[in-house]
file protein27.cif (mmCIF, C-alpha atoms)
data_input
#
loop_
_atom_site.label_atom_id
_atom_site.label_comp_id
_atom_site.auth_asym_id
_atom_site.auth_seq_id
_atom_site.Cartn_x
_atom_site.Cartn_y
_atom_site.Cartn_z
CA MET A 1 125.97 110.47 -46.55
CA LEU A 2 124.86 112.66 -43.66
CA SER A 3 125.79 116.31 -43.46
CA PRO A 4 127.53 117.54 -40.28
CA ARG A 5 124.25 119.14 -39.16
CA GLN A 6 122.31 115.89 -39.69
CA THR A 7 124.97 113.89 -37.85
CA LEU A 8 124.83 116.32 -34.93
CA ALA A 9 121.04 116.08 -34.85
CA ALA A 10 121.18 112.27 -34.82
CA ILE A 11 123.74 112.22 -32.00
CA SER A 12 121.64 114.76 -30.09
CA GLY A 13 118.65 112.43 -30.37
CA LEU A 14 120.64 109.59 -28.84
CA MET A 15 122.00 111.89 -26.14
CA LEU A 16 118.46 112.99 -25.26
CA ASN A 17 117.45 109.36 -24.84
CA ALA A 18 120.50 108.64 -22.66
CA PHE A 19 119.85 111.74 -20.54
CA VAL A 20 116.18 110.96 -19.89
CA TRP A 21 116.93 107.37 -18.90
CA GLY A 22 120.03 108.34 -16.94
CA VAL A 23 118.29 110.84 -14.67
CA SER A 24 114.90 109.09 -14.51
CA TRP A 25 115.77 107.64 -11.10
CA TRP A 26 115.18 111.04 -9.46
CA PRO A 27 111.53 111.60 -10.51
CA PHE A 28 110.72 107.98 -9.73
CA ARG A 29 112.01 108.50 -6.19
CA GLN A 30 109.91 111.65 -5.93
CA PHE A 31 106.85 109.70 -7.03
CA ASN A 32 107.68 107.04 -4.43
CA ALA A 33 107.90 109.70 -1.73
CA LEU A 34 104.40 110.85 -2.72
CA GLY A 35 103.09 107.30 -2.25
CA LEU A 36 103.15 106.31 -5.94
CA ASN A 37 105.15 103.10 -6.31
CA PRO A 38 107.50 103.10 -9.35
CA LEU A 39 105.52 100.23 -10.85
CA TRP A 40 102.31 102.26 -10.75
CA ALA A 41 104.22 105.29 -12.05
CA THR A 42 105.62 103.27 -14.95
CA ALA A 43 102.19 101.91 -15.86
CA ALA A 44 100.63 105.38 -15.72
CA MET A 45 103.40 107.00 -17.80
CA TYR A 46 103.24 104.37 -20.50
CA ALA A 47 99.45 104.51 -20.53
CA VAL A 48 99.73 108.18 -21.52
CA CYS A 49 102.29 107.28 -24.23
CA THR A 50 100.11 104.42 -25.51
CA LEU A 51 97.03 106.64 -25.78
CA LEU A 52 99.02 109.26 -27.68
CA ILE A 53 100.34 106.65 -30.15
CA VAL A 54 96.87 105.19 -30.72
CA ALA A 55 95.44 108.70 -31.22
CA VAL A 56 98.08 109.55 -33.83
CA ARG A 57 98.33 106.09 -35.45
CA PRO A 58 95.07 104.16 -34.87
CA SER A 59 96.22 101.53 -37.38
CA ALA A 60 98.95 100.46 -34.93
CA VAL A 61 96.41 98.51 -32.86
CA GLY A 62 95.35 96.33 -35.76
CA ALA A 63 98.94 95.90 -36.93
CA LEU A 64 100.00 94.71 -33.48
CA TRP A 65 97.09 92.27 -33.31
CA ARG A 66 97.96 90.83 -36.74
CA HIS A 67 101.58 90.13 -35.73
CA PRO A 68 101.52 87.86 -32.62
CA PRO A 69 105.35 87.57 -32.51
CA LEU A 70 105.41 91.23 -31.45
CA TRP A 71 103.70 90.25 -28.22
CA GLY A 72 107.09 88.93 -27.13
CA ILE A 73 108.44 92.47 -27.57
CA LEU A 74 105.50 93.73 -25.54
CA LEU A 75 106.38 91.46 -22.61
CA ALA A 76 110.15 92.01 -22.86
CA SER A 77 109.84 95.80 -23.06
CA GLY A 78 107.36 95.90 -20.20
CA ALA A 79 109.59 93.74 -17.99
CA THR A 80 112.60 95.93 -18.84
CA ASN A 81 110.87 99.11 -17.74
CA ALA A 82 109.31 97.59 -14.64
CA ALA A 83 112.61 96.09 -13.43
CA PHE A 84 114.82 99.10 -14.22
CA ASN A 85 112.49 101.77 -12.81
CA TRP A 86 111.82 99.78 -9.64
CA GLY A 87 115.51 98.98 -9.21
CA VAL A 88 116.81 102.57 -9.47
CA THR A 89 114.08 103.72 -7.08
CA GLU A 90 114.82 101.17 -4.36
CA GLY A 91 118.56 100.52 -4.73
CA ASP A 92 121.95 102.05 -5.44
CA VAL A 93 121.58 103.92 -8.74
CA VAL A 94 125.14 103.32 -9.92
CA ARG A 95 125.11 99.59 -9.14
CA VAL A 96 121.70 99.04 -10.74
CA VAL A 97 122.65 100.92 -13.93
CA LEU A 98 125.98 99.11 -14.24
CA LEU A 99 124.34 95.71 -13.75
CA PHE A 100 121.65 96.69 -16.24
CA TYR A 101 124.40 97.35 -18.78
CA LEU A 102 125.48 93.74 -18.67
CA MET A 103 122.96 93.69 -21.50
CA PRO A 104 125.62 92.88 -24.19
CA VAL A 105 126.32 89.58 -22.40
CA TRP A 106 122.70 88.48 -22.60
CA ALA A 107 122.27 89.95 -26.11
CA THR A 108 125.19 87.86 -27.38
CA LEU A 109 123.79 84.64 -25.92
CA LEU A 110 120.26 85.37 -27.12
CA ALA A 111 121.47 86.31 -30.60
CA ARG A 112 123.29 82.97 -30.78
CA TRP A 113 120.07 81.19 -29.88
CA LEU A 114 117.42 83.24 -31.71
CA LEU A 115 119.40 84.71 -34.63
CA ASP A 116 121.97 81.93 -35.09
CA GLU A 117 124.86 84.39 -34.81
CA ARG A 118 128.20 82.67 -34.34
CA LEU A 119 130.50 83.24 -31.35
CA THR A 120 134.02 84.58 -31.97
CA ARG A 121 137.10 85.21 -29.86
CA LEU A 122 136.27 88.92 -29.68
CA ILE A 123 132.79 88.09 -28.43
CA GLY A 124 134.29 85.75 -25.83
CA LEU A 125 136.65 88.52 -24.69
CA ARG A 126 133.90 91.07 -24.19
CA LEU A 127 131.74 88.51 -22.33
CA ALA A 128 134.65 87.85 -19.98
CA LEU A 129 135.26 91.59 -19.46
CA ALA A 130 131.60 92.31 -18.74
CA LEU A 131 131.28 89.45 -16.27
CA ALA A 132 134.56 90.43 -14.59
CA GLY A 133 133.25 93.99 -14.24
CA ALA A 134 130.04 92.71 -12.67
CA MET A 135 132.05 90.62 -10.19
CA VAL A 136 134.07 93.69 -9.19
CA VAL A 137 130.91 95.77 -8.71
CA LEU A 138 129.25 93.04 -6.64
CA TRP A 139 132.29 91.95 -4.62
CA PRO A 140 131.30 92.20 -0.94
CA PRO A 141 133.69 94.13 1.37
CA GLY A 142 133.99 91.23 3.81
CA GLY A 143 134.54 88.58 1.17
CA GLY A 144 132.19 85.96 -0.15
CA LEU A 145 130.58 85.27 -3.49
CA PRO A 146 130.14 88.28 -5.83
CA LEU A 147 126.40 87.82 -6.25
CA PRO A 148 123.58 90.39 -6.09
CA LYS A 149 122.66 90.92 -2.46
CA HIS A 150 119.97 93.61 -2.63
CA PRO A 151 116.73 92.93 -4.54
CA ALA A 152 117.46 96.09 -6.56
CA ASP A 153 120.66 94.45 -7.85
CA TRP A 154 118.64 91.53 -9.14
CA LEU A 155 116.22 93.97 -10.76
CA GLY A 156 119.14 95.63 -12.55
CA VAL A 157 120.36 92.27 -13.88
CA ALA A 158 116.84 91.19 -14.88
CA GLY A 159 116.17 94.54 -16.56
CA GLY A 160 119.31 94.15 -18.67
CA MET A 161 118.34 90.60 -19.65
CA PHE A 162 114.88 91.66 -20.79
CA PHE A 163 116.34 94.69 -22.57
CA ALA A 164 118.66 92.38 -24.49
CA LEU A 165 115.72 90.12 -25.37
CA ASN A 166 113.75 93.17 -26.50
CA ASN A 167 116.58 94.31 -28.80
CA VAL A 168 117.12 90.85 -30.29
CA LEU A 169 113.39 90.47 -30.96
CA LEU A 170 113.30 93.92 -32.59
CA ARG A 171 116.02 92.75 -34.97
CA LYS A 172 114.31 89.43 -35.59
CA TYR A 173 110.99 91.07 -36.46
CA ALA A 174 112.32 94.24 -38.12
CA HIS A 175 110.10 93.47 -41.13
CA THR A 176 106.92 94.17 -39.15
CA PRO A 177 105.23 97.62 -39.19
CA ALA A 178 107.17 100.20 -37.17
CA GLU A 179 104.03 101.60 -35.50
CA ALA A 180 103.13 98.09 -34.28
CA ARG A 181 106.57 97.63 -32.73
CA GLY A 182 106.38 101.05 -31.07
CA LEU A 183 102.93 100.35 -29.66
CA ALA A 184 104.10 96.97 -28.36
CA MET A 185 106.96 98.57 -26.45
CA PHE A 186 104.80 101.22 -24.78
CA ALA A 187 101.79 98.97 -24.16
CA GLY A 188 104.15 96.49 -22.51
CA GLY A 189 105.00 99.06 -19.86
CA VAL A 190 101.31 99.39 -19.03
CA ILE A 191 100.48 95.69 -19.00
CA VAL A 192 103.56 94.25 -17.26
CA ALA A 193 104.25 97.03 -14.74
CA GLY A 194 100.54 97.52 -14.04
CA GLY A 195 99.93 93.78 -13.74
CA VAL A 196 102.82 93.22 -11.32
CA ALA A 197 101.78 96.28 -9.30
CA ALA A 198 98.17 95.05 -9.05
CA LEU A 199 99.33 91.60 -7.93
CA LEU A 200 101.70 92.99 -5.28
CA ALA A 201 99.09 95.47 -4.06
CA ALA A 202 96.54 92.67 -3.67
CA GLN A 203 99.08 90.80 -1.53
CA GLY A 204 99.77 93.92 0.54
CA SER A 205 103.42 94.10 -0.59
CA ILE A 206 103.06 97.62 -2.05
CA GLN A 207 100.60 100.45 -1.57
CA PRO A 208 97.67 100.83 -3.97
CA VAL A 209 97.48 103.83 -6.27
CA PRO A 210 97.20 106.94 -4.07
CA ALA A 211 94.32 109.37 -4.33
CA ALA A 212 94.42 111.61 -7.38
CA ALA A 213 96.60 114.65 -6.73
CA PRO A 214 98.11 117.27 -9.06
CA ALA A 215 101.58 116.71 -7.56
CA TRP A 216 102.02 113.23 -9.01
CA MET A 217 99.55 113.36 -11.91
CA ILE A 218 101.26 116.33 -13.56
CA GLY A 219 104.62 114.69 -12.95
CA VAL A 220 103.47 111.47 -14.62
CA VAL A 221 102.28 113.35 -17.73
CA LEU A 222 105.55 115.31 -17.96
CA MET A 223 107.59 112.12 -17.58
CA ALA A 224 105.46 110.40 -20.21
CA LEU A 225 106.21 113.22 -22.66
CA ALA A 226 109.91 113.04 -21.76
CA PHE A 227 110.06 109.28 -22.39
CA LEU A 228 108.12 109.65 -25.63
CA ALA A 229 110.59 112.32 -26.80
CA ALA A 230 113.49 110.09 -25.72
CA ASN A 231 112.09 107.19 -27.72
CA LEU A 232 111.69 109.38 -30.81
CA GLY A 233 115.25 110.65 -30.33
CA LEU A 234 116.52 107.08 -30.14
CA GLN A 235 114.67 106.09 -33.30
CA TYR A 236 115.87 109.19 -35.17
CA GLY A 237 119.49 108.64 -34.22
CA ALA A 238 119.58 104.86 -34.57
CA GLU A 239 118.07 105.00 -38.06
CA ARG A 240 120.73 107.43 -39.32
CA LEU A 241 123.97 106.50 -37.56
CA PRO A 242 126.10 103.36 -37.77
CA SER A 243 125.17 100.82 -35.10
CA ALA A 244 128.69 101.01 -33.69
CA LEU A 245 128.39 104.75 -33.05
CA THR A 246 124.87 104.33 -31.66
CA ALA A 247 126.07 101.75 -29.13
CA VAL A 248 128.90 104.01 -27.97
CA VAL A 249 126.72 107.11 -27.58
CA MET A 250 124.07 105.21 -25.63
CA THR A 251 126.62 104.27 -22.94
CA VAL A 252 126.59 107.95 -21.93
CA GLU A 253 123.51 106.95 -19.91
CA ILE A 254 125.88 105.45 -17.34
CA VAL A 255 127.64 108.82 -17.02
CA PHE A 256 124.34 110.71 -16.67
CA ALA A 257 123.03 108.23 -14.07
CA SER A 258 126.15 108.04 -11.91
CA GLY A 259 126.94 111.75 -12.27
CA SER A 260 123.45 112.89 -11.32
CA ALA A 261 123.34 110.47 -8.37
CA VAL A 262 126.64 111.81 -7.00
CA LEU A 263 125.84 115.50 -7.66
CA LEU A 264 122.45 115.22 -5.96
CA GLY A 265 124.01 113.43 -3.01
CA ALA A 266 122.02 110.24 -3.49
CA GLU A 267 125.05 107.97 -3.96
CA HIS A 268 128.80 107.79 -3.34
CA LEU A 269 130.90 106.72 -6.31
CA SER A 270 133.42 104.20 -4.96
CA ALA A 271 136.67 103.12 -6.60
CA GLN A 272 135.25 99.60 -6.79
CA ALA A 273 132.26 100.80 -8.83
CA VAL A 274 134.49 102.90 -11.10
CA PHE A 275 136.83 99.97 -11.84
CA GLY A 276 134.03 97.46 -12.37
CA GLY A 277 132.09 99.94 -14.47
CA SER A 278 135.16 100.58 -16.62
CA LEU A 279 135.40 96.88 -17.46
CA ILE A 280 131.71 96.78 -18.38
CA LEU A 281 132.11 99.91 -20.54
CA LEU A 282 135.12 98.38 -22.27
CA ALA A 283 133.04 95.30 -23.08
CA ILE A 284 130.33 97.54 -24.58
CA LEU A 285 132.88 99.44 -26.66
CA LEU A 286 134.28 96.15 -27.97
CA ALA A 287 130.74 95.15 -28.92
CA ALA A 288 130.58 98.33 -31.00
CA TRP A 289 133.93 97.64 -32.70
CA PRO A 290 133.45 97.56 -36.47
CA ARG A 291 133.48 94.05 -37.87
CA ARG A 292 135.67 93.10 -40.80
CA THR A 293 133.83 92.17 -43.94
#
call {"tool": "encode", "arguments": {"input": "protein27.cif", "output": "structure tokens"}}
result
Amino acid sequence: MLSPRQTLAAISGLMLNAFVWGVSWWPFRQFNALGLNPLWATAAMYAVCTLLIVAVRPSAVGALWRHPPLWGILLASGATNAAFNWGVTEGDVVRVVLLFYLMPVWATLLARWLLDERLTRLIGLRLALALAGAMVVLWPPGGGLPLPKHPADWLGVAGGMFFALNNVLLRKYAHTPAEARGLAMFAGGVIVAGGVAALLAAQGSIQPVPAAAPAWMIGVVLMALAFLAANLGLQYGAERLPSALTAVVMTVEIVFASGSAVLLGAEHLSAQAVFGGSLILLAILLAAWPRRT
């Protein structure tokens, strides 16, 4: 049983994680303005995090190598970060974050496939609510099919799918060493984001890494420390709080993302986005509803 102080500390850890992810769109856009594509920025940030983890826990490298199933987490985590960070840099922050949070839909389907979890009426209801919310968010003003139109929308959807896969794989391989799972998640950001960036740069689709400059190098290190702290906060909170409460607190990221985008004048929060986002949030809250035993 946690004391009130311990409960507050655990919730604060989750809130820190939600805040860092929710406002991360702004520094990524600043990096982009300095000529550092968000894919390069992601790879550089996670390279710093990976080096710090290896320096503190050298055994994590061997543990990761001895557990090949964790390489799936490496790829899923890397794809999540690459898609989300690129999407919020290039597209509408609110839309991308809301589409990213269709994650419970994909998590339910993947859990049925990989974890053999059964589908229930409540699960069907929240799937319908989440998909209805996505249709509202994507509904074009002039009519037509409610499908992602901007590449950033697709990145938001893809990021949520890979995030769901990452979470399901973490549950499936929870018996593996924690330091190996942590290293897989950070190394994935380096390998996937860096690999995609190198491929696109070779094709001339994005700019190569700009010349070394304190403006973006210091920013990358600071962001790496922020994401590392956010990850530690998530682990601290998720290990101590019920999963239902963890899921609810993490949805605050949507509030941080949309609120910061509106306050900084980057986006306009439309009634359509509010209504669609409310349906998606309701689906997430239903996913966190305590199950009867």
call {"tool": "closest_atom_pairs", "arguments": {"input": "protein27.cif", "of": "segment 160-265 of chain A", "to": "segment 106-127 of chain A", "cutoff": "8 Å", "atoms": "only C-alpha atoms", "output": "CSV"}}
result
residue,atom,partner,partner_atom,distance
A:Gly160,CA,A:Trp106,CA,7.7
A:Met161,CA,A:Trp106,CA,5.7
A:Ala164,CA,A:Ala107,CA,4.6
A:Leu165,CA,A:Ala107,CA,6.6
A:Asn167,CA,A:Ala107,CA,7.7
A:Val168,CA,A:Ala111,CA,6.3
A:Lys172,CA,A:Leu115,CA,7.0
call {"tool": "resolve_selection", "arguments": {"input": "protein27.cif", "expression": "the PyMOL selection byres ((chain A and resi 73) around 8)", "output": "mmCIF file with C-alpha atoms, in the coordinates of the input"}}
result
data_model
loop_
_atom_site.group_PDB
_atom_site.id
_atom_site.type_symbol
_atom_site.label_atom_id
_atom_site.label_comp_id
_atom_site.auth_asym_id
_atom_site.auth_seq_id
_atom_site.Cartn_x
_atom_site.Cartn_y
_atom_site.Cartn_z
ATOM 1 C CA PRO A 69 105.350 87.570 -32.510
ATOM 2 C CA LEU A 70 105.410 91.230 -31.450
ATOM 3 C CA TRP A 71 103.700 90.250 -28.220
ATOM 4 C CA GLY A 72 107.090 88.930 -27.130
ATOM 5 C CA LEU A 74 105.500 93.730 -25.540
ATOM 6 C CA LEU A 75 106.380 91.460 -22.610
ATOM 7 C CA ALA A 76 110.150 92.010 -22.860
ATOM 8 C CA SER A 77 109.840 95.800 -23.060
ATOM 9 C CA LEU A 165 115.720 90.120 -25.370
ATOM 10 C CA ASN A 166 113.750 93.170 -26.500
ATOM 11 C CA LEU A 169 113.390 90.470 -30.960
ATOM 12 C CA LEU A 170 113.300 93.920 -32.590
ATOM 13 C CA ARG A 181 106.570 97.630 -32.730
ATOM 14 C CA ALA A 184 104.100 96.970 -28.360
ATOM 15 C CA MET A 185 106.960 98.570 -26.450
ATOM 16 C CA GLY A 188 104.150 96.490 -22.510
#
call {"tool": "closest_residue", "arguments": {"input": "protein27.cif", "among": "A:Gly13, A:Gly35, A:Gly62, A:Gly22", "to": "Pro177 of chain A", "atoms": "all atoms listed in the file"}}
result
A:Gly62
call {"tool": "resolve_selection", "arguments": {"input": "protein27.cif", "expression": "the PyMOL selection byres ((chain A and resi 151) around 12)", "output": "PyMOL selection string"}}
result
chain A and resi 83-84+86-92+95-96+147-150+152-158
call {"tool": "resolve_selection", "arguments": {"input": "protein27.cif", "expression": "the PyMOL selection byres ((chain A and resi 133-141) around 12)", "output": "ChimeraX atom specification"}}
result
/A:92,94-103,105,126-132,142-150,153-154,156-157,269-284
call {"tool": "closest_residue", "arguments": {"input": "protein27.cif", "among": "A:Ala238, A:Val249, A:Leu39, A:Met223", "to": "Leu200 of chain A", "atoms": "all atoms listed in the file"}}
result
A:Leu39
call {"tool": "closest_residue", "arguments": {"input": "protein27.cif", "among": "A:Val20, A:Leu285, A:Ala9, A:Ala224", "to": "Leu51 of chain A", "atoms": "only C-alpha atoms"}}
result
A:Ala224
call {"tool": "closest_residue", "arguments": {"input": "protein27.cif", "among": "A:Val54, A:Gly159, A:Leu64, A:Ala47", "to": "Tyr173 of chain A", "atoms": "only C-alpha atoms"}}
result
A:Leu64
call {"tool": "decode", "arguments": {"input": "protein27.cif", "residues": "segment 48-83 of chain A", "atoms": "C-alpha atoms", "output": "compact mmCIF listing (two decimals), in the first residue's frame"}}
result
# COMPACT_ATOMS: atom_id res chain seq x y z
CA VAL A 48 23.07 10.15 -26.17
CA CYS A 49 20.55 8.15 -24.10
CA THR A 50 21.97 4.83 -25.35
CA LEU A 51 25.53 5.82 -24.45
CA LEU A 52 24.43 6.87 -20.97
CA ILE A 53 22.63 3.55 -20.40
CA VAL A 54 25.62 1.52 -21.61
CA ALA A 55 27.95 3.59 -19.40
CA VAL A 56 25.80 2.98 -16.31
CA ARG A 57 24.75 -0.61 -17.14
CA PRO A 58 27.34 -2.21 -19.46
CA SER A 59 25.70 -5.60 -18.91
CA ALA A 60 22.64 -4.38 -20.83
CA VAL A 61 24.43 -4.92 -24.15
CA GLY A 62 25.06 -8.59 -23.50
CA ALA A 63 21.56 -9.08 -22.09
CA LEU A 64 20.01 -7.58 -25.21
CA TRP A 65 22.16 -9.76 -27.46
CA ARG A 66 21.16 -12.90 -25.54
CA HIS A 67 17.43 -12.19 -25.95
CA PRO A 68 16.69 -11.90 -29.72
CA PRO A 69 12.92 -11.41 -29.15
CA LEU A 70 13.76 -7.99 -27.71
CA TRP A 71 14.94 -6.91 -31.14
CA GLY A 72 11.26 -6.64 -32.04
CA ILE A 73 10.92 -4.07 -29.25
CA LEU A 74 13.96 -2.29 -30.67
CA LEU A 75 12.33 -1.96 -34.09
CA ALA A 76 8.86 -1.10 -32.75
CA SER A 77 10.17 1.55 -30.35
CA GLY A 78 12.40 3.07 -33.01
CA ALA A 79 9.55 3.24 -35.53
CA THR A 80 7.28 4.81 -32.89
CA ASN A 81 9.72 7.62 -32.16
CA ALA A 82 10.62 8.23 -35.79
CA ALA A 83 6.98 8.42 -36.91
